[in-house]
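Asks: This is final_30.txt, which holds compact mmCIF, C-alpha atoms:
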```
# COMPACT_ATOMS: atom_id res chain seq x y z
CA MET U 813 27.89 -83.11 15.75
CA ALA U 814 27.34 -86.84 15.65
CA ALA U 815 25.91 -88.57 12.64
CA SER U 816 22.91 -90.79 13.12
CA SER U 817 23.72 -93.51 10.61
CA GLY U 818 26.20 -96.38 10.13
CA ASP U 819 28.58 -97.39 12.89
CA ASP U 820 28.28 -93.96 14.47
CA SER U 821 24.75 -94.83 15.61
CA ARG U 822 26.28 -96.94 18.37
CA ARG U 823 28.25 -94.00 19.75
CA PRO U 824 26.69 -91.65 22.30
CA ASN U 825 25.22 -88.49 20.79
CA PRO U 826 27.00 -85.42 22.24
CA LEU U 827 23.76 -83.44 21.96
CA PRO U 828 21.31 -83.83 24.83
CA SER U 829 18.33 -85.99 24.00
CA ALA U 830 15.98 -83.20 25.11
CA LEU U 831 17.42 -80.81 22.50
CA VAL U 832 17.20 -83.39 19.70
CA SER U 833 13.65 -84.32 20.71
CA ASN U 834 12.66 -80.67 20.83
CA LEU U 835 14.07 -79.96 17.37
CA GLN U 836 12.41 -83.03 15.90
CA SER U 837 9.00 -82.28 17.40
CA VAL U 838 9.05 -78.65 16.30
CA LEU U 839 10.11 -79.43 12.74
CA ALA U 840 7.64 -82.29 12.49
CA ALA U 841 4.85 -79.84 13.31
CA ARG U 842 5.78 -77.57 10.40
CA ARG U 843 3.01 -78.93 8.19
CA PRO U 844 0.22 -76.37 7.83
CA PRO U 845 -3.03 -77.29 9.66
CA PRO U 846 -6.39 -77.58 7.82
CA THR U 847 -7.89 -74.32 6.61
CA GLU U 848 -10.74 -74.27 9.12
CA ASP U 849 -8.42 -74.99 12.03
CA ALA U 850 -6.02 -72.31 10.85
CA SER U 851 -8.74 -69.70 10.75
CA VAL U 852 -9.89 -70.61 14.25
CA THR U 853 -6.32 -70.54 15.55
CA ALA U 854 -5.64 -67.20 13.90
CA ALA U 855 -8.80 -65.73 15.34
CA ALA U 856 -7.96 -66.99 18.80
CA ALA U 857 -4.43 -65.63 18.57
CA GLU U 858 -5.73 -62.25 17.41
CA THR U 859 -8.18 -62.08 20.31
CA SER U 860 -5.63 -63.00 22.97
CA ALA U 861 -2.70 -60.96 21.59
CA PRO U 862 -3.34 -57.73 23.57
CA ALA U 863 -3.57 -59.58 26.88
CA ALA U 864 -0.31 -61.45 26.19
CA ALA U 865 1.43 -58.17 25.33
CA ASP U 866 0.31 -56.59 28.60
CA ASP U 867 0.79 -59.51 30.97
CA GLY U 868 3.46 -61.68 29.37
CA PRO U 869 7.15 -61.66 30.32
CA ALA U 870 9.75 -59.67 28.43
CA LYS U 871 10.78 -61.19 25.12
CA PRO U 872 14.27 -62.70 24.88
CA VAL U 873 16.81 -60.56 23.03
CA VAL U 874 18.26 -62.07 19.85
CA LEU U 875 21.29 -60.42 18.27
CA LEU U 876 21.75 -60.88 14.52
CA ILE U 877 25.05 -60.55 12.67
CA CYS U 878 25.76 -61.19 8.98
CA ALA U 879 29.24 -61.30 7.49
CA GLY U 880 27.69 -60.34 4.15
CA GLY U 881 27.16 -56.81 5.40
CA ILE U 882 24.31 -54.66 6.64
CA GLN U 883 22.63 -54.66 3.22
CA SER U 884 22.82 -58.40 2.57
CA PRO U 885 19.53 -60.04 1.51
CA GLY U 886 20.09 -62.91 3.93
CA LEU U 887 20.17 -60.57 6.91
CA ALA U 888 17.05 -58.72 5.75
CA ALA U 889 15.16 -62.00 5.29
CA LEU U 890 16.09 -63.26 8.76
CA VAL U 891 15.20 -59.96 10.44
CA ASP U 892 11.83 -59.94 8.69
CA ALA U 893 11.06 -63.54 9.70
CA LEU U 894 11.98 -63.02 13.36
CA VAL U 895 10.13 -59.72 13.67
CA LYS U 896 6.99 -61.21 12.14
CA GLY U 897 7.35 -64.26 14.38
CA GLY U 898 7.06 -61.99 17.40
CA ARG U 899 8.85 -64.39 19.75
CA CYS U 900 11.92 -62.24 20.43
CA ASP U 901 13.29 -58.71 20.61
CA VAL U 902 15.50 -58.35 17.52
CA HIS U 903 18.75 -56.37 17.46
CA VAL U 904 21.08 -56.18 14.48
CA VAL U 905 24.78 -55.43 14.07
CA ALA U 906 26.73 -56.00 10.85
CA PRO U 907 29.78 -54.73 8.98
CA GLU U 908 29.37 -51.91 6.47
CA SER U 909 30.32 -54.17 3.56
CA ASP U 910 30.71 -57.83 2.67
CA LYS U 911 33.50 -59.45 4.71
CA PRO U 912 33.18 -63.19 4.01
CA VAL U 913 36.65 -64.57 4.77
CA CYS U 914 38.07 -62.39 7.54
CA GLY U 915 38.18 -65.36 9.90
CA HIS U 916 38.52 -64.32 13.54
CA SER U 917 40.35 -61.09 12.74
CA ILE U 918 39.80 -58.00 14.89
CA THR U 919 40.54 -54.29 14.56
CA ILE U 920 43.16 -52.81 16.88
CA ARG U 921 44.67 -49.33 17.19
CA GLU U 922 42.01 -47.95 14.86
CA THR U 923 38.71 -46.22 15.58
CA VAL U 924 35.62 -48.30 14.82
CA SER U 925 32.40 -46.44 14.05
CA ALA U 926 28.82 -47.58 14.71
CA THR U 927 26.07 -45.95 12.64
CA SER U 928 22.36 -46.50 13.24
CA VAL U 929 20.42 -48.12 10.41
CA ASP U 930 16.68 -48.36 9.83
CA PHE U 931 15.31 -51.89 10.11
CA THR U 932 11.56 -52.33 10.56
CA GLY U 933 10.91 -53.80 14.00
CA ALA U 934 14.59 -54.00 14.99
CA LYS U 935 17.32 -51.77 16.35
CA ALA U 936 20.34 -51.93 14.06
CA PHE U 937 23.88 -50.59 13.68
CA GLU U 938 26.43 -50.92 10.90
CA ILE U 939 30.02 -51.25 12.09
CA SER U 940 33.20 -50.20 10.26
CA GLY U 941 35.09 -53.24 11.59
CA THR U 942 35.08 -56.99 11.07
CA PRO U 943 32.21 -59.37 11.92
CA VAL U 944 34.05 -60.39 15.09
CA ASP U 945 34.36 -56.68 15.98
CA CYS U 946 30.59 -56.42 15.61
CA ILE U 947 29.96 -59.17 18.16
CA SER U 948 32.69 -58.06 20.57
CA LEU U 949 31.42 -54.47 20.56
CA SER U 950 27.78 -55.54 20.96
CA LEU U 951 28.50 -57.85 23.89
CA SER U 952 30.75 -55.30 25.62
CA GLY U 953 27.71 -53.43 26.97
CA THR U 954 28.71 -50.13 25.33
CA LEU U 955 26.56 -50.26 22.17
CA PHE U 956 23.20 -51.58 23.33
CA ALA U 957 21.39 -50.99 26.60
CA TRP U 958 21.26 -54.69 27.47
CA GLN U 959 24.26 -56.60 28.74
CA THR U 960 23.81 -60.06 27.21
CA PRO U 961 21.36 -61.36 24.58
CA ALA U 962 19.71 -64.75 24.91
CA LEU U 963 20.98 -65.88 21.52
CA VAL U 964 23.31 -64.71 18.74
CA ILE U 965 22.55 -65.71 15.14
CA SER U 966 25.07 -65.31 12.33
CA GLY U 967 23.35 -65.27 8.96
CA ILE U 968 21.86 -65.91 6.63
CA ASN U 969 25.18 -66.12 4.84
CA ALA U 970 25.65 -66.69 1.11
CA GLY U 971 27.71 -69.82 0.56
CA PRO U 972 28.28 -73.01 2.56
CA ASN U 973 30.35 -73.15 5.74
CA CYS U 974 31.62 -76.63 6.49
CA GLY U 975 34.86 -78.52 6.87
CA TYR U 976 37.99 -76.46 6.31
CA GLN U 977 35.86 -73.37 5.53
CA MET U 978 35.10 -72.98 9.23
CA PHE U 979 38.68 -71.84 9.88
CA HIS U 980 38.48 -68.73 7.70
CA SER U 981 34.73 -68.13 7.58
CA SER U 982 33.68 -64.79 9.07
CA ALA U 983 30.18 -66.17 9.61
CA ILE U 984 31.43 -69.00 11.83
CA ALA U 985 33.92 -66.68 13.54
CA ALA U 986 31.15 -64.29 14.59
CA ALA U 987 29.15 -67.14 16.12
CA ARG U 988 32.30 -68.48 17.77
CA GLU U 989 33.06 -65.06 19.28
CA ALA U 990 29.62 -65.04 20.90
CA LEU U 991 30.29 -68.51 22.26
CA MET U 992 33.53 -67.26 23.81
CA TYR U 993 31.45 -64.66 25.65
CA GLY U 994 29.25 -67.46 26.99
CA VAL U 995 26.29 -66.66 24.70
CA PRO U 996 24.63 -69.52 22.73
CA SER U 997 24.96 -68.99 18.99
CA ILE U 998 23.70 -70.29 15.66
CA ALA U 999 25.33 -69.91 12.24
CA ILE U 1000 23.06 -70.19 9.19
CA SER U 1001 24.40 -70.49 5.65
CA LEU U 1002 22.64 -70.90 2.31
CA ASN U 1003 24.41 -73.00 -0.32
CA TRP U 1004 24.60 -70.23 -2.89
CA LYS U 1005 25.01 -71.33 -6.52
CA LYS U 1006 25.86 -68.84 -9.22
CA ASP U 1007 23.08 -68.28 -11.78
CA GLU U 1008 20.77 -70.56 -9.78
CA THR U 1009 20.20 -69.10 -6.33
CA LYS U 1010 17.89 -66.09 -6.06
CA ASP U 1011 17.46 -63.52 -3.33
CA SER U 1012 14.00 -64.96 -2.68
CA HIS U 1013 15.68 -68.18 -1.52
CA PHE U 1014 16.91 -66.34 1.56
CA LYS U 1015 13.29 -65.77 2.55
CA ASP U 1016 12.59 -69.49 2.13
CA ALA U 1017 15.68 -70.34 4.18
CA ALA U 1018 14.59 -68.01 6.96
CA GLY U 1019 11.19 -69.69 7.09
CA LEU U 1020 12.81 -73.11 7.36
CA CYS U 1021 15.16 -72.04 10.15
CA LEU U 1022 12.53 -70.25 12.21
CA PRO U 1023 11.32 -73.44 14.01
CA LEU U 1024 14.91 -74.31 14.93
CA ILE U 1025 15.49 -70.82 16.31
CA HIS U 1026 12.29 -70.95 18.35
CA ALA U 1027 13.21 -74.42 19.65
CA ALA U 1028 16.64 -73.15 20.70
CA LEU U 1029 15.09 -70.14 22.46
CA ALA U 1030 12.68 -72.43 24.30
CA ASP U 1031 15.55 -74.57 25.59
CA ILE U 1032 17.58 -71.48 26.53
CA GLU U 1033 14.68 -70.10 28.55
CA LYS U 1034 14.27 -73.45 30.32
CA GLY U 1035 18.01 -73.70 30.95
CA THR U 1036 18.30 -76.98 29.03
CA PHE U 1037 20.24 -75.70 26.01
CA LEU U 1038 23.64 -77.35 25.72
CA SER U 1039 26.32 -75.14 27.31
CA GLY U 1040 29.07 -74.09 24.94
CA CYS U 1041 27.02 -75.12 21.91
CA LEU U 1042 27.30 -73.58 18.43
CA LEU U 1043 24.75 -74.87 15.94
CA ASN U 1044 26.03 -74.71 12.36
CA ILE U 1045 23.02 -74.92 10.03
CA GLY U 1046 23.47 -75.44 6.30
CA VAL U 1047 20.51 -74.83 4.00
CA PRO U 1048 20.56 -76.39 0.50
CA SER U 1049 20.47 -74.27 -2.63
CA SER U 1050 16.73 -74.87 -3.12
CA PRO U 1051 15.26 -74.37 0.38
CA SER U 1052 11.64 -74.85 -0.66
CA ALA U 1053 12.43 -78.38 -1.90
CA ASN U 1054 13.98 -79.60 1.37
CA LYS U 1055 12.93 -82.98 2.75
CA GLY U 1056 13.71 -82.45 6.43
CA PHE U 1057 16.77 -81.97 8.59
CA LYS U 1058 19.69 -84.07 9.70
CA LEU U 1059 22.26 -83.92 12.50
CA THR U 1060 25.63 -84.94 11.14
CA LYS U 1061 29.35 -84.80 11.80
CA GLN U 1062 31.43 -81.84 10.76
CA SER U 1063 32.89 -82.75 7.37
CA ILE U 1064 36.60 -82.72 6.51
CA TYR U 1065 35.93 -81.08 3.15
CA SER U 1066 38.68 -78.72 1.98
CA PRO U 1067 37.71 -76.35 -0.86
CA ALA U 1068 40.03 -76.27 -3.85
CA GLN U 1069 41.42 -72.97 -5.05
CA SER U 1070 42.53 -72.04 -8.54
CA TRP U 1071 45.53 -69.70 -8.55
CA GLN U 1072 45.81 -67.54 -11.67
CA ALA U 1073 48.57 -65.14 -12.67
CA VAL U 1074 47.25 -61.59 -13.18
CA SER U 1075 48.72 -58.42 -14.65
CA THR U 1076 49.23 -55.14 -12.80
CA SER U 1077 47.32 -53.09 -15.40
CA ARG U 1078 44.27 -51.11 -14.37
CA PRO U 1079 40.80 -52.40 -15.32
CA ALA U 1080 39.62 -51.14 -18.71
CA PRO U 1081 36.28 -49.66 -17.49
CA ALA U 1082 38.10 -47.02 -15.42
CA ALA U 1083 40.10 -45.79 -18.42
CA HIS U 1084 36.95 -45.75 -20.54
CA PHE U 1085 35.18 -43.69 -17.90
CA MET U 1086 38.07 -41.19 -17.83
CA GLY U 1087 37.90 -40.73 -21.60
CA MET U 1088 34.19 -40.02 -21.68
CA HIS U 1089 33.95 -37.58 -18.78
CA GLN U 1090 36.56 -34.82 -19.05
CA SER U 1091 35.34 -32.63 -16.20
CA LEU U 1092 37.80 -30.72 -14.05
CA GLY U 1093 37.42 -33.17 -11.20
CA ILE U 1094 38.11 -36.12 -13.48
CA GLN U 1095 41.14 -34.42 -14.95
CA LEU U 1096 42.51 -33.74 -11.48
CA ALA U 1097 41.90 -37.35 -10.57
CA ARG U 1098 43.82 -38.43 -13.66
CA LEU U 1099 46.73 -36.16 -12.73
CA GLY U 1100 46.79 -37.69 -9.27
CA LYS U 1101 46.66 -41.17 -10.74
CA ASP U 1102 49.49 -40.42 -13.18
CA ALA U 1103 51.59 -38.90 -10.40
CA SER U 1104 51.05 -41.96 -8.23
CA ALA U 1105 51.94 -44.25 -11.13
CA ALA U 1106 55.10 -42.26 -11.85
CA GLY U 1107 56.12 -42.43 -8.21
CA ALA U 1108 55.50 -46.16 -8.15
CA ALA U 1109 57.60 -46.56 -11.31
CA ARG U 1110 60.46 -44.64 -9.77
CA ARG U 1111 60.32 -46.76 -6.65
CA GLY U 1112 60.17 -49.87 -8.81
CA ASN U 1113 63.26 -48.77 -10.74
CA LEU U 1114 65.12 -48.24 -7.50
CA ARG U 1115 64.34 -51.82 -6.50
CA LYS U 1116 64.78 -53.29 -9.95
CA THR U 1117 68.50 -53.90 -9.59
CA VAL U 1118 70.11 -54.80 -6.29
CA GLU U 1119 73.88 -54.91 -5.87
CA VAL U 1120 75.20 -57.71 -3.71
CA GLU U 1121 78.51 -58.11 -1.96
CA SER U 1122 79.43 -61.36 -3.67
CA VAL U 1123 82.16 -61.04 -6.28
CA ALA U 1124 82.16 -62.95 -9.55
CA ALA U 1125 85.13 -64.87 -10.91
CA ALA U 1126 86.30 -61.86 -12.94
CA GLY U 1127 86.41 -59.72 -9.82
CA LYS U 1128 83.27 -57.68 -10.66
CA GLN U 1129 80.18 -57.32 -8.49
CA GLU U 1130 77.11 -59.23 -9.64
CA SER U 1131 73.65 -57.65 -9.94
CA ARG U 1132 70.37 -59.50 -9.50
CA ALA U 1133 66.93 -58.41 -10.63
CA VAL U 1134 64.07 -58.42 -8.12
CA VAL U 1135 61.16 -60.35 -9.61
CA LYS U 1136 57.64 -59.47 -8.46
CA LYS U 1137 54.65 -61.46 -9.67
CA PHE U 1138 50.93 -61.11 -8.99
CA PHE U 1139 48.39 -63.90 -8.46
CA ARG U 1140 44.73 -64.21 -7.57
CA ALA U 1141 43.00 -67.19 -5.95
CA GLU U 1142 39.49 -68.10 -7.04
CA PRO U 1143 37.54 -70.80 -5.16
CA LEU U 1144 36.18 -73.58 -7.32
CA GLN U 1145 32.44 -74.29 -7.42
CA PHE U 1146 31.19 -76.04 -4.29
CA GLY U 1147 29.66 -79.39 -5.24
CA SER U 1148 26.69 -81.00 -3.52
CA LYS U 1149 28.68 -84.19 -2.92
CA HIS U 1150 30.73 -82.35 -0.31
CA VAL U 1151 27.81 -81.49 1.95
CA GLY U 1152 28.54 -83.13 5.28
CA HIS U 1153 27.54 -80.56 7.89
CA CYS U 1154 24.21 -79.85 9.54
CA ILE U 1155 21.72 -79.69 6.67
CA TYR U 1156 18.02 -79.61 5.94
```
Would you mind giving the structure from this file in structure tokens?
Replies:
Amino acid sequence: MAASSGDDSRRPNPLPSALVSNLQSVLAARRPPPTEDASVTAAAAETSAPAAADDGPAKPVVLLICAGGIQSPGLAALVDALVKGGRCDVHVVAPESDKPVCGHSITIRETVSATSVDFTGAKAFEISGTPVDCISLSLSGTLFAWQTPALVISGINAGPNCGYQMFHSSAIAAAREALMYGVPSIAISLNWKKDETKDSHFKDAAGLCLPLIHAALADIEKGTFLSGCLLNIGVPSSPSANKGFKLTKQSIYSPAQSWQAVSTSRPAPAAHFMGMHQSLGIQLARLGKDASAAGAARRGNLRKTVEVESVAAAGKQESRAVVKKFFRAEPLQFGSKHVGHCIY
């Protein structure tokens, strides 16, 4: 997306002017009206609601996906906001557990299950595959009764998705998969900060994004939404303190990773649990664990020394030990100075 400041202001904006104007007008109207006007508007809406339900056209279908899993607070907040908004027919599909960095991976040669889940006001399934599997299955026409939704939304995801992160982000991959099927998509991410961000911030983020979603749906219904467009929306860590929105370029930020050497020993809590609960089932589990460890040790001993065909100067064969080390990568804290994607 094109930035709107500096030398880039002279370059043509790749987004259609109608879309930008629509987003700006909708977000500018976010300010709450006076109390007396609000009460009149609410009363009028309540009076006319039954007639609109009977005579109005069918609501557009919006498919929600969240790489954080079916139980993620971001997904629940977005479902609640869209259902209460009443502008669309909400369907949900999400992986069984958190799958944040699967990228565009898919499941092949394995059975993928889809289990119905209760979501108030929405039809939902949890999928045993990846986030991309969720979208591919949903848009195949075999899971839901409809063939194609009007819009796919990936979010609200915990953690930013910009720059290099877009290559391995499951959230962006899910939105990109929808785009490959010809369905407009939006990815929404909350800049999660450890010990600062709360689950309630997802609700605030959903409220902020609702006008953008409604604006996109309006353009889709009119046929003016940019073809082949994926909107990547980044919400700051304190959504309620936002000052507006900005269309910017995709950043070239590359997150740093800290590689640490780790041991192969089991975590201490598991051993502690074994010592405190000596039931028959636990004892059997310990026997199975010990047997597996013994088998692994035997296999390790077999690989420990490898004879090679090379001959040393004294005419004897040399032996070389196989060295196996273990490491774990931990991403460093994402700093605010790196924000360069679409933000509020």
Asks: Under the rule that all atoms listed in the file are counted, which of U:Leu1042, U:Thr1060, U:Gly933, U:Ala889 is the nearest residue to Cys1021 in chain U?
Replies: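 Counting all atoms listed in the file, the residue closest to Cys1021 in chain U is U:Ala889.
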Asks: Counting all atoms listed in the file, note down every residue that has an atom within 8 Å of the point (31.5, -64.6, 14.1) (file coordinates), as number ranges by chain.
Replies: U: 877, 879, 915-916, 943-944, 947, 966, 982-990
Asks: Using Å and a single decimal, report how far CA of Thr927 in chain U sits from CA of Gly897 in chain U.
Replies: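 So the answer is 26.2 Å.
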Asks: Could you tell me how far CA of Gly975 in chain U sits from CA of Val913 in chain U, in Å to one decimal place?
Replies: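 These two atoms are separated by 14.2 Å.
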Asks: Taking 5 positions as the minimum chain separation for residues in the same chain, which residues sit within 10 Å of range 955-958 of chain U when counting only C-alpha atoms? Answer as JSON, numbers by chain.
Replies: {"U": [873, 903, 905, 926, 935, 936, 937, 946, 949, 950]}
Asks: Take the residues from that selection and write them out as an mmCIF file, in the frame of the given file, keeping C-alpha atoms.
Replies:
```cif
data_model
loop_
_atom_site.group_PDB
_atom_site.id
_atom_site.type_symbol
_atom_site.label_atom_id
_atom_site.label_comp_id
_atom_site.auth_asym_id
_atom_site.auth_seq_id
_atom_site.Cartn_x
_atom_site.Cartn_y
_atom_site.Cartn_z
ATOM 1 C CA VAL U 873 16.810 -60.560 23.030
ATOM 2 C CA HIS U 903 18.750 -56.370 17.460
ATOM 3 C CA VAL U 905 24.780 -55.430 14.070
ATOM 4 C CA ALA U 926 28.820 -47.580 14.710
ATOM 5 C CA LYS U 935 17.320 -51.770 16.350
ATOM 6 C CA ALA U 936 20.340 -51.930 14.060
ATOM 7 C CA PHE U 937 23.880 -50.590 13.680
ATOM 8 C CA CYS U 946 30.590 -56.420 15.610
ATOM 9 C CA LEU U 949 31.420 -54.470 20.560
ATOM 10 C CA SER U 950 27.780 -55.540 20.960
#
```
Asks: Between U:Arg899, U:Asp930, U:Arg1132, U:Val1047, which has the minimum distance to Ala1027 in chain U (counting all atoms listed in the file)?
Replies: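 Closest to Ala1027 in chain U of all the choices is U:Arg899.
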Asks: Check the smallest atom-to-atom distance from each of U:Asp901, U:Gly1019, U:Pro872, U:Asn1003 to Asp1031 in chain U using all atoms listed in the file, then report the winner.
Replies: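 Closest to Asp1031 in chain U, using all atoms listed in the file: U:Pro872.
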Asks: Record the distance separating CA of Gly971 in chain U and CA of Trp1004 in chain U, expressed in Å with one decimal.
Replies: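 A separation of 4.7 Å between them.
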Asks: Could you tell me which of U:Ser997, U:Ser1012, U:Ser1063, U:Ser1049 comes closest to Leu1029 in chain U if we count only C-alpha atoms?
Replies: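 Nearest to Leu1029 in chain U: U:Ser997.
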Asks: Would you please work out which residue, of U:Phe1139, U:Ile939, U:Lys1058, U:Val1134, is nearest to Thr923 in chain U when using only C-alpha atoms?
Replies: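 Closest to Thr923 in chain U of all the choices is U:Ile939.
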Asks: Closest to Ala906 in chain U among U:Leu1059, U:Glu1033, U:Ile920, U:Ile882, using only C-alpha atoms?
Replies: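 Distance minimum relative to Ala906 in chain U lands on U:Ile882.
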Asks: What box, with edges along x, y and z, holds each listed atom of range 1008-1014 of chain U when 5 Å is added on every side, and can you state its centre and edge lengths in Å to one decimal, as AutoDock Vina command-line options?
Replies:
```
--center_x 17.4 --center_y -67.0 --center_z -4.1 --size_x 16.8 --size_y 17.0 --size_z 21.3
```
